[in-house]
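Structure, as structure tokens:
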Amino acid sequence: MFTGIVTAIGKIVEAERKGPSLKRLAIASPYDAAGIEIGASIACAGVCLTVTALKPREDGEPGCVFQVEAAAETLSKTKVGDWEPGTAINLERSLKVGDELGGHLVTGHVDGVGRILKIEPIAADPDEPWGATARFHIRAPQGLPRFIAAKGSICLDGTSLTVNTV
């Protein structure tokens with residue numbers, strides 16, 4: 001489980017197709033390898049992926065490179081299949097029992113890819129600590145709108161957003 005609050009930006013450093021239904025990816029991250037176990041779940045642009053290998057970064061930056069594999073269902077419901085070296089992605093480590101839930105409960109099990117139709121900037125209020133905001137108009141994939149509720153939440157690249165209207 002995740003919160004939909006992005007904690008780091010990772011970069012794809014290796015991407016290898018292993019046939020039509022499997023893609024292996026290596027992701028450079030600022031996360032300390034000592035805090036990640038093989039089998040851990042990390043939300044990569046909102047997609048829950050399982051760490052299959054770890055190694056130190058070779059670019060001199062702090063953190064590690066973790067490896068994941070995306071199988072047929074993930075490749076069919078997400079944009080993971082398009083990720084190539086250089087692609088930047090939002091990252092979030094999985095929750096631990098007792099962690100503060102600052103966002104929404106997010107599973108990382110993606111149902112489909114929406115399309116951003118319009119972004120409306122909303123003037124920044126100097127009294128708001130989070131600064132400027134925006135309203136996103138998103139077209140949900142066919143068959144999903146009936147499952148989206150006003151005041152519920154959706155994730156956009158791993159960032160949990162509150163739905164205003166459907």
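By convention here, the chains of the structure tokens are called A, B, ... in the order presented, each chain's residues are numbered starting at 1, and ligands are numbered starting at 1 in the order presented.
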
Give me the segment 103-166 of chain A side of the contact with segment 73-88 of chain A, cut-off 8 Å, one line per residue showing its nearest atom pair and distance in Å at one decimal, counting only C-alpha atoms, sorted by chain and residue number, as JSON lines.
{"residue": "A:Val110", "atom": "CA", "partner": "A:Lys77", "partner_atom": "CA", "distance": 6.5}
{"residue": "A:Asp111", "atom": "CA", "partner": "A:Lys77", "partner_atom": "CA", "distance": 6.1}
{"residue": "A:Gly112", "atom": "CA", "partner": "A:Lys77", "partner_atom": "CA", "distance": 4.7}
{"residue": "A:Val113", "atom": "CA", "partner": "A:Thr78", "partner_atom": "CA", "distance": 5.9}

Determine, counting only C-alpha atoms, which protein, DNA and RNA residues have an atom within 6 Å of an atom of segment 27-42 of chain A; residues of the same chain fewer than 3 positions away are not included. Present the result as a PDB file with all heavy atoms, in the first residue's frame.
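Generated output (result-v8.pdb):
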ATOM      1  N   GLY A  10      12.989   8.938  -9.804  1.00  0.00           N
ATOM      2  CA  GLY A  10      13.956   7.957 -10.281  1.00  0.00           C
ATOM      3  C   GLY A  10      14.175   8.129 -11.768  1.00  0.00           C
ATOM      4  O   GLY A  10      13.431   8.853 -12.441  1.00  0.00           O
ATOM      5  N   LYS A  11      15.198   7.460 -12.278  1.00  0.00           N
ATOM      6  CA  LYS A  11      15.484   7.529 -13.713  1.00  0.00           C
ATOM      7  C   LYS A  11      15.747   6.123 -14.227  1.00  0.00           C
ATOM      8  O   LYS A  11      16.518   5.369 -13.631  1.00  0.00           O
ATOM      9  CB  LYS A  11      16.699   8.402 -13.989  1.00  0.00           C
ATOM     10  CG  LYS A  11      16.962   8.584 -15.494  1.00  0.00           C
ATOM     11  CD  LYS A  11      18.226   9.351 -15.762  1.00  0.00           C
ATOM     12  CE  LYS A  11      17.941  10.826 -15.645  1.00  0.00           C
ATOM     13  NZ  LYS A  11      19.096  11.649 -16.047  1.00  0.00           N
ATOM     14  N   ILE A  12      15.092   5.776 -15.313  1.00  0.00           N
ATOM     15  CA  ILE A  12      15.331   4.478 -15.946  1.00  0.00           C
ATOM     16  C   ILE A  12      16.755   4.492 -16.508  1.00  0.00           C
ATOM     17  O   ILE A  12      17.120   5.391 -17.260  1.00  0.00           O
ATOM     18  CB  ILE A  12      14.322   4.204 -17.077  1.00  0.00           C
ATOM     19  CG1 ILE A  12      12.874   4.327 -16.588  1.00  0.00           C
ATOM     20  CG2 ILE A  12      14.585   2.841 -17.725  1.00  0.00           C
ATOM     21  CD1 ILE A  12      12.472   3.371 -15.495  1.00  0.00           C
ATOM     22  N   VAL A  13      17.566   3.502 -16.100  1.00  0.00           N
ATOM     23  CA  VAL A  13      18.936   3.413 -16.612  1.00  0.00           C
ATOM     24  C   VAL A  13      19.119   2.197 -17.523  1.00  0.00           C
ATOM     25  O   VAL A  13      20.069   2.157 -18.298  1.00  0.00           O
ATOM     26  CB  VAL A  13      19.989   3.419 -15.471  1.00  0.00           C
ATOM     27  CG1 VAL A  13      20.004   4.782 -14.784  1.00  0.00           C
ATOM     28  CG2 VAL A  13      19.754   2.317 -14.471  1.00  0.00           C
ATOM     29  N   CYS A  48       2.711  -0.401  -8.768  1.00  0.00           N
ATOM     30  CA  CYS A  48       3.383  -1.220  -7.764  1.00  0.00           C
ATOM     31  C   CYS A  48       4.249  -2.260  -8.464  1.00  0.00           C
ATOM     32  O   CYS A  48       3.748  -3.129  -9.170  1.00  0.00           O
ATOM     33  CB  CYS A  48       2.355  -1.909  -6.877  1.00  0.00           C
ATOM     34  SG  CYS A  48       3.095  -2.967  -5.619  1.00  0.00           S
ATOM     35  N   LEU A  49       5.582  -2.131  -8.284  1.00  0.00           N
ATOM     36  CA  LEU A  49       6.513  -3.083  -8.882  1.00  0.00           C
ATOM     37  C   LEU A  49       7.392  -3.682  -7.793  1.00  0.00           C
ATOM     38  O   LEU A  49       7.691  -3.022  -6.797  1.00  0.00           O
ATOM     39  CB  LEU A  49       7.371  -2.397  -9.952  1.00  0.00           C
ATOM     40  CG  LEU A  49       6.600  -1.879 -11.171  1.00  0.00           C
ATOM     41  CD1 LEU A  49       7.513  -1.075 -12.088  1.00  0.00           C
ATOM     42  CD2 LEU A  49       5.950  -3.024 -11.934  1.00  0.00           C
ATOM     43  N   THR A  50       7.802  -4.924  -7.978  1.00  0.00           N
ATOM     44  CA  THR A  50       8.569  -5.666  -6.990  1.00  0.00           C
ATOM     45  C   THR A  50      10.049  -5.621  -7.307  1.00  0.00           C
ATOM     46  O   THR A  50      10.459  -5.912  -8.444  1.00  0.00           O
ATOM     47  CB  THR A  50       8.097  -7.137  -6.960  1.00  0.00           C
ATOM     48  OG1 THR A  50       6.694  -7.148  -6.673  1.00  0.00           O
ATOM     49  CG2 THR A  50       8.833  -7.938  -5.904  1.00  0.00           C
ATOM     50  N   VAL A  51      10.849  -5.285  -6.312  1.00  0.00           N
ATOM     51  CA  VAL A  51      12.300  -5.222  -6.477  1.00  0.00           C
ATOM     52  C   VAL A  51      12.842  -6.646  -6.622  1.00  0.00           C
ATOM     53  O   VAL A  51      12.595  -7.506  -5.782  1.00  0.00           O
ATOM     54  CB  VAL A  51      12.967  -4.518  -5.272  1.00  0.00           C
ATOM     55  CG1 VAL A  51      14.485  -4.561  -5.374  1.00  0.00           C
ATOM     56  CG2 VAL A  51      12.470  -3.074  -5.165  1.00  0.00           C
ATOM     57  N   THR A  52      13.588  -6.876  -7.717  1.00  0.00           N
ATOM     58  CA  THR A  52      14.156  -8.208  -7.974  1.00  0.00           C
ATOM     59  C   THR A  52      15.672  -8.228  -7.809  1.00  0.00           C
ATOM     60  O   THR A  52      16.261  -9.295  -7.706  1.00  0.00           O
ATOM     61  CB  THR A  52      13.796  -8.691  -9.392  1.00  0.00           C
ATOM     62  OG1 THR A  52      14.287  -7.747 -10.346  1.00  0.00           O
ATOM     63  CG2 THR A  52      12.290  -8.854  -9.546  1.00  0.00           C
ATOM     64  N   PRO A  62      24.121   9.678  -4.581  1.00  0.00           N
ATOM     65  CA  PRO A  62      23.713   8.803  -3.474  1.00  0.00           C
ATOM     66  C   PRO A  62      22.510   7.952  -3.880  1.00  0.00           C
ATOM     67  O   PRO A  62      21.739   8.336  -4.753  1.00  0.00           O
ATOM     68  CB  PRO A  62      23.341   9.786  -2.362  1.00  0.00           C
ATOM     69  CG  PRO A  62      23.063  11.078  -3.053  1.00  0.00           C
ATOM     70  CD  PRO A  62      23.887  11.084  -4.312  1.00  0.00           C
ATOM     71  N   GLY A  63      22.375   6.809  -3.245  1.00  0.00           N
ATOM     72  CA  GLY A  63      21.236   5.937  -3.499  1.00  0.00           C
ATOM     73  C   GLY A  63      21.655   4.627  -4.138  1.00  0.00           C
ATOM     74  O   GLY A  63      22.788   4.184  -3.983  1.00  0.00           O
ATOM     75  N   CYS A  64      20.714   4.040  -4.867  1.00  0.00           N
ATOM     76  CA  CYS A  64      20.956   2.724  -5.468  1.00  0.00           C
ATOM     77  C   CYS A  64      20.230   2.619  -6.798  1.00  0.00           C
ATOM     78  O   CYS A  64      19.450   3.487  -7.173  1.00  0.00           O
ATOM     79  CB  CYS A  64      20.471   1.623  -4.530  1.00  0.00           C
ATOM     80  SG  CYS A  64      18.670   1.526  -4.378  1.00  0.00           S
ATOM     81  N   VAL A  65      20.502   1.525  -7.479  1.00  0.00           N
ATOM     82  CA  VAL A  65      19.750   1.144  -8.673  1.00  0.00           C
ATOM     83  C   VAL A  65      18.999  -0.120  -8.301  1.00  0.00           C
ATOM     84  O   VAL A  65      19.599  -1.092  -7.841  1.00  0.00           O
ATOM     85  CB  VAL A  65      20.675   0.892  -9.882  1.00  0.00           C
ATOM     86  CG1 VAL A  65      19.886   0.343 -11.062  1.00  0.00           C
ATOM     87  CG2 VAL A  65      21.400   2.174 -10.267  1.00  0.00           C
ATOM     88  N   PHE A  66      17.672  -0.092  -8.453  1.00  0.00           N
ATOM     89  CA  PHE A  66      16.901  -1.304  -8.192  1.00  0.00           C
ATOM     90  C   PHE A  66      16.295  -1.796  -9.496  1.00  0.00           C
ATOM     91  O   PHE A  66      16.020  -1.030 -10.408  1.00  0.00           O
ATOM     92  CB  PHE A  66      15.840  -1.095  -7.097  1.00  0.00           C
ATOM     93  CG  PHE A  66      14.765  -0.094  -7.421  1.00  0.00           C
ATOM     94  CD1 PHE A  66      13.581  -0.488  -8.036  1.00  0.00           C
ATOM     95  CD2 PHE A  66      14.910   1.243  -7.083  1.00  0.00           C
ATOM     96  CE1 PHE A  66      12.581   0.421  -8.319  1.00  0.00           C
ATOM     97  CE2 PHE A  66      13.917   2.169  -7.352  1.00  0.00           C
ATOM     98  CZ  PHE A  66      12.743   1.758  -7.971  1.00  0.00           C
ATOM     99  N   GLU A  92       7.665   6.082  -4.867  1.00  0.00           N
ATOM    100  CA  GLU A  92       7.199   6.071  -3.476  1.00  0.00           C
ATOM    101  C   GLU A  92       7.442   4.688  -2.888  1.00  0.00           C
ATOM    102  O   GLU A  92       7.067   3.678  -3.498  1.00  0.00           O
ATOM    103  CB  GLU A  92       5.707   6.411  -3.380  1.00  0.00           C
ATOM    104  CG  GLU A  92       5.207   6.415  -1.948  1.00  0.00           C
ATOM    105  CD  GLU A  92       3.702   6.586  -1.798  1.00  0.00           C
ATOM    106  OE1 GLU A  92       2.993   6.752  -2.804  1.00  0.00           O
ATOM    107  OE2 GLU A  92       3.224   6.528  -0.645  1.00  0.00           O
ATOM    108  N   ARG A  93       8.071   4.648  -1.714  1.00  0.00           N
ATOM    109  CA  ARG A  93       8.258   3.380  -0.993  1.00  0.00           C
ATOM    110  C   ARG A  93       6.913   2.958  -0.396  1.00  0.00           C
ATOM    111  O   ARG A  93       6.057   3.784  -0.110  1.00  0.00           O
ATOM    112  CB  ARG A  93       9.278   3.563   0.144  1.00  0.00           C
ATOM    113  CG  ARG A  93      10.679   3.988  -0.285  1.00  0.00           C
ATOM    114  CD  ARG A  93      11.479   2.875  -0.912  1.00  0.00           C
ATOM    115  NE  ARG A  93      11.435   1.643  -0.175  1.00  0.00           N
ATOM    116  CZ  ARG A  93      12.251   1.320   0.835  1.00  0.00           C
ATOM    117  NH1 ARG A  93      13.203   2.144   1.205  1.00  0.00           N
ATOM    118  NH2 ARG A  93      12.128   0.163   1.442  1.00  0.00           N
ATOM    119  N   SER A  94       6.753   1.669  -0.163  1.00  0.00           N
ATOM    120  CA  SER A  94       5.494   1.180   0.406  1.00  0.00           C
ATOM    121  C   SER A  94       5.375   1.568   1.875  1.00  0.00           C
ATOM    122  O   SER A  94       6.370   1.814   2.558  1.00  0.00           O
ATOM    123  CB  SER A  94       5.389  -0.330   0.249  1.00  0.00           C
ATOM    124  OG  SER A  94       6.441  -0.967   0.935  1.00  0.00           O
TER     125      SER A  94
END

Non-local contacts of segment 103-105 of chain A (8 Å; only C-alpha atoms; under 4 positions in same chain excluded) as an MDAnalysis selection string: chainID A and resid 1:5 153 160

Of the listed residues A:His109, A:Arg24, A:Arg17, A:Arg135, that which approaches Cys155 of chain A most closely, counting only C-alpha atoms: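 Looking only at the distances to Cys155 of chain A, the closest residue turns out to be A:His109.
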
Can you tell me, as a tab-separated table (two decimals) with C-alpha atoms, in the first residue's frame, which residues in chain A count as strand (DSSP E) by DSSP?
chain	number	residue	atom	x	y	z
A	8	ALA	CA	11.63	10.76	-4.97
A	9	ILE	CA	12.27	10.95	-8.69
A	10	GLY	CA	13.96	7.96	-10.28
A	11	LYS	CA	15.48	7.53	-13.71
A	12	ILE	CA	15.33	4.48	-15.95
A	13	VAL	CA	18.94	3.41	-16.61
A	14	GLU	CA	18.26	0.07	-18.31
A	15	ALA	CA	15.20	-1.26	-20.15
A	16	GLU	CA	15.11	-4.70	-21.72
A	17	ARG	CA	12.20	-6.48	-23.39
A	22	LEU	CA	7.85	-9.04	-19.88
A	23	LYS	CA	10.04	-5.98	-19.51
A	24	ARG	CA	12.99	-5.74	-17.12
A	25	LEU	CA	13.91	-2.26	-15.87
A	26	ALA	CA	16.73	-0.85	-13.77
A	27	ILE	CA	15.87	2.38	-11.96
A	28	ALA	CA	18.39	4.77	-10.38
A	29	SER	CA	16.95	6.23	-7.19
A	41	SER	CA	7.23	-3.05	-3.42
A	42	ILE	CA	7.98	0.40	-4.82
A	43	ALA	CA	5.42	2.53	-6.64
A	44	CYS	CA	7.02	3.56	-9.92
A	47	VAL	CA	2.60	1.24	-10.56
A	48	CYS	CA	3.38	-1.22	-7.76
A	49	LEU	CA	6.51	-3.08	-8.88
A	50	THR	CA	8.57	-5.67	-6.99
A	51	VAL	CA	12.30	-5.22	-6.48
A	52	THR	CA	14.16	-8.21	-7.97
A	53	ALA	CA	17.77	-6.97	-7.65
A	54	LEU	CA	19.80	-4.09	-6.17
A	55	LYS	CA	23.16	-2.57	-6.97
A	56	PRO	CA	25.08	0.61	-6.17
A	64	CYS	CA	20.96	2.72	-5.47
A	65	VAL	CA	19.75	1.14	-8.67
A	66	PHE	CA	16.90	-1.30	-8.19
A	67	GLN	CA	15.60	-3.74	-10.77
A	68	VAL	CA	11.95	-4.60	-11.41
A	69	GLU	CA	10.03	-6.59	-13.97
A	70	ALA	CA	6.71	-5.64	-15.55
A	71	ALA	CA	4.57	-8.50	-16.82
A	88	ALA	CA	12.18	10.12	-15.21
A	89	ILE	CA	9.50	8.58	-12.98
A	90	ASN	CA	7.90	9.38	-9.63
A	91	LEU	CA	8.76	6.96	-6.82
A	92	GLU	CA	7.20	6.07	-3.48
A	93	ARG	CA	8.26	3.38	-0.99
A	115	ARG	CA	-5.72	11.33	-20.91
A	116	ILE	CA	-5.19	14.87	-19.65
A	117	LEU	CA	-7.51	17.09	-21.65
A	118	LYS	CA	-6.81	20.41	-19.96
A	119	ILE	CA	-4.89	21.87	-17.02
A	120	GLU	CA	-6.36	24.99	-15.41
A	121	PRO	CA	-3.89	26.87	-13.21
A	122	ILE	CA	-5.41	28.16	-9.98
A	133	THR	CA	-2.46	24.44	-7.59
A	134	ALA	CA	-4.20	23.38	-10.76
A	135	ARG	CA	-7.38	21.63	-11.83
A	136	PHE	CA	-6.82	18.71	-14.21
A	137	HIS	CA	-9.52	17.61	-16.64
A	138	ILE	CA	-8.85	13.93	-17.32
A	139	ARG	CA	-10.64	11.50	-19.62
A	153	SER	CA	-9.27	9.69	-5.47
A	154	ILE	CA	-7.30	8.69	-8.55
A	155	CYS	CA	-3.55	8.60	-9.15
A	156	LEU	CA	-1.76	10.48	-11.87
A	159	THR	CA	0.38	11.32	-7.29
A	160	SER	CA	-2.95	10.82	-5.54
A	161	LEU	CA	-5.54	13.43	-6.51
A	162	THR	CA	-8.99	14.12	-5.11

Å distance separating atom CA of Val106 of chain A from atom CA of Pro145 of chain A, one decimal place: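 For atom CA of Val106 of chain A relative to atom CA of Pro145 of chain A, the distance reads 17.6 Å.
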
Alpha helix (DSSP H) call set, DSSP backbone run, segment 9-160 of chain A, as a PyMOL selection string: chain A and resi 72-77

Distance of atom CA of Thr7 of chain A from atom CA of Asp59 of chain A, expressed in Å to one decimal place: 20.5 Å

Atomic separation - atom CA of Gly102 of chain A relative to atom CA of Val6 of chain A, Å: 11.0 Å
